[in-house]
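Since the structure comes first, as structure tokens, the remarks are kept for the end.
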Amino acid sequence: MSHVSHDLHAEFPADSDILHDLKISDGHFRSVSDRYHEINKEIHRIESEVEAASDERSEDLKKQRLLILDEVAAMISKARAN
């Protein structure tokens, strides 16, 4: 169990500039990024025991976070190729 909040820059440290450019220029990326941060904050609150949640809810949120990370990784790869 990790009590460290994982923002996108921590997940993709080598791609900080690309993340910044995408956030400025791509509305879809902004919405995906915002959703990631919402889910990540909720997971952090659960793991820090600030908020109660069932194991099922916690696992569901973690799965959602991983799906979003996969989508962000694909967006970064596409931006890198352009």
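In the structure tokens, the first chain shown is A, the next is B, and so on; residue numbers restart at 1 for each chain, and ligands run from 1 in the order shown.
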- DSSP alpha helix (DSSP H) residues within chain A, as a ChimeraX atom specification: /A:8-11,16-25,27-47,55-81
- Task: Identify, on the basis of only C-alpha atoms, every residue whose closest approach to stretch 32-49 of chain A does not exceed 10 Å; exclude the query and any residue fewer than 5 positions from it along the same chain; express the result as a ChimeraX atom specification.
- Result: /A:1-8,19,22-23,27,54-55,57-62,64-69,71-72
Writer output for current selection, C-alpha atoms, as an mmCIF file, in the first residue's frame:
data_model
loop_
_atom_site.group_PDB
_atom_site.id
_atom_site.type_symbol
_atom_site.label_atom_id
_atom_site.label_comp_id
_atom_site.auth_asym_id
_atom_site.auth_seq_id
_atom_site.Cartn_x
_atom_site.Cartn_y
_atom_site.Cartn_z
ATOM 1 C CA MET A 1 0.000 0.000 0.000
ATOM 2 C CA SER A 2 1.410 3.335 -1.037
ATOM 3 C CA HIS A 3 0.501 6.596 0.604
ATOM 4 C CA VAL A 4 2.235 8.581 -2.107
ATOM 5 C CA SER A 5 0.029 10.418 -4.553
ATOM 6 C CA HIS A 6 1.161 9.639 -8.112
ATOM 7 C CA ASP A 7 0.633 12.562 -10.460
ATOM 8 C CA LEU A 8 1.214 12.194 -14.186
ATOM 9 C CA LEU A 19 2.511 16.381 -20.805
ATOM 10 C CA LEU A 22 -0.747 18.168 -24.391
ATOM 11 C CA LYS A 23 -2.494 19.831 -21.468
ATOM 12 C CA GLY A 27 -8.902 19.202 -24.819
ATOM 13 C CA SER A 54 -14.588 -1.368 0.276
ATOM 14 C CA ASP A 55 -11.754 -3.431 -1.165
ATOM 15 C CA ARG A 57 -14.171 -0.006 -4.699
ATOM 16 C CA SER A 58 -10.474 0.511 -4.080
ATOM 17 C CA GLU A 59 -9.506 -2.122 -6.663
ATOM 18 C CA ASP A 60 -11.979 -0.697 -9.185
ATOM 19 C CA LEU A 61 -10.428 2.756 -8.823
ATOM 20 C CA LYS A 62 -6.923 1.334 -9.245
ATOM 21 C CA GLN A 64 -9.498 2.775 -13.762
ATOM 22 C CA ARG A 65 -6.263 4.592 -12.957
ATOM 23 C CA LEU A 66 -4.234 1.985 -14.853
ATOM 24 C CA LEU A 67 -6.520 2.243 -17.888
ATOM 25 C CA ILE A 68 -6.077 5.992 -17.904
ATOM 26 C CA LEU A 69 -2.302 5.623 -17.579
ATOM 27 C CA GLU A 71 -4.323 5.965 -22.535
ATOM 28 C CA VAL A 72 -1.928 8.734 -21.461
#
- Message: Counting only C-alpha atoms, which residue out of A:Ile18, A:Lys63, A:Ala53, A:His28 sits closest to A:Ala79?
- Response: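 Smallest separation from A:Ala79 among the options: A:Ile18.
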- Which residue gives the smallest distance to A:Asp70 among A:Phe12, A:Ala52, A:Asn82, A:Arg30, with only C-alpha atoms counted?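 Among the listed residues, the smallest separation from A:Asp70 belongs to A:Phe12.
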- Tell me, in Å to one decimal, how far atom CA of A:Ala74 is from atom CA of A:Glu56. 27.3 Å
